[in-house]
Amino acid sequence: HTDVRGKGKWVKCFEVKNVILPIGYHIGLSASTGDLADNHDILMLKLYEVDLVPGQTFDVDEALKLVPSAEGEPDRPHVHPKKKEGGSILWTIFYIFIALVVIVTVIGIAIVVWQKQQEDKTQKAILLIRPSFVQKDQ
């Protein structure tokens, strides 16, 4: 039902009976008026689970093979949703950029640490070497 004028006068918008959905399908709702700034509130959605009658069995393999349909709706070709095969080229470039920044940072830190170690070794070597002209205290 919809209240187009907002005056509490609800008129049936649409009704679909005998909807058949295989396992793993979902019901989705969308609305549009063409205006950029508009909202639609879904106040109620009635869904019913069909229970098995005593003695009836449920075959999962058969339920997976069901073709989606609804009473009074024209048959449409069933198209499986495409699986996302990665992101856009911009995300790929972004990830490569971040990886390069991390690699350059790690290499820079390694160079600074190596240089510091070399300076420390040089300082220790200078302290250990005694020139021959220095006389020993007697």
# chains A, B, ... in the order shown; residues from 1 in each chain; ligands from 1
>>> select_by_dssp(residues="range 2-125 of chain A", states="strand (DSSP E)", output="VMD selection string")
chain A and resid 17 to 20 69 to 71
>>> closest_atom_pairs(of="range 46-72 of chain A", to="range 10-24 of chain A", cutoff="8 Å", atoms="only C-alpha atoms", output="tab-separated table")
residue	atom	partner	partner_atom	distance
A:Ala63	CA	A:Pro22	CA	5.5
A:Leu64	CA	A:Pro22	CA	5.3
A:Lys65	CA	A:Pro22	CA	6.9
A:Leu66	CA	A:Pro22	CA	5.2
A:Val67	CA	A:Pro22	CA	6.8
A:Pro68	CA	A:Leu21	CA	4.9
A:Ser69	CA	A:Ile20	CA	5.2
A:Ala70	CA	A:Val19	CA	4.2
A:Glu71	CA	A:Asn18	CA	5.5
A:Gly72	CA	A:Val16	CA	7.5
>>> write_last_selection(atoms="C-alpha atoms", output="PDB file, in the first residue's frame")
ATOM      1  CA  ALA A  63      15.072 -26.646  -4.029  1.00  0.00           C
ATOM      2  CA  LEU A  64      18.378 -25.441  -5.461  1.00  0.00           C
ATOM      3  CA  LYS A  65      17.147 -26.216  -8.988  1.00  0.00           C
ATOM      4  CA  LEU A  66      13.934 -24.184  -8.669  1.00  0.00           C
ATOM      5  CA  VAL A  67      13.477 -21.435 -11.226  1.00  0.00           C
ATOM      6  CA  PRO A  68      12.469 -18.100  -9.647  1.00  0.00           C
ATOM      7  CA  SER A  69       8.928 -17.175 -10.603  1.00  0.00           C
ATOM      8  CA  ALA A  70       5.795 -15.397  -9.398  1.00  0.00           C
ATOM      9  CA  GLU A  71       2.145 -15.724 -10.279  1.00  0.00           C
ATOM     10  CA  GLY A  72       1.074 -13.220 -12.918  1.00  0.00           C
TER      11      GLY A  72
END
>>> atom_distance(atom1="CA of Tyr48 in chain A", atom2="CA of Ile27 in chain A")
12.3 Å
>>> atom_distance(atom1="CA of Ile107 in chain A", atom2="CA of Ser88 in chain A")
29.1 Å
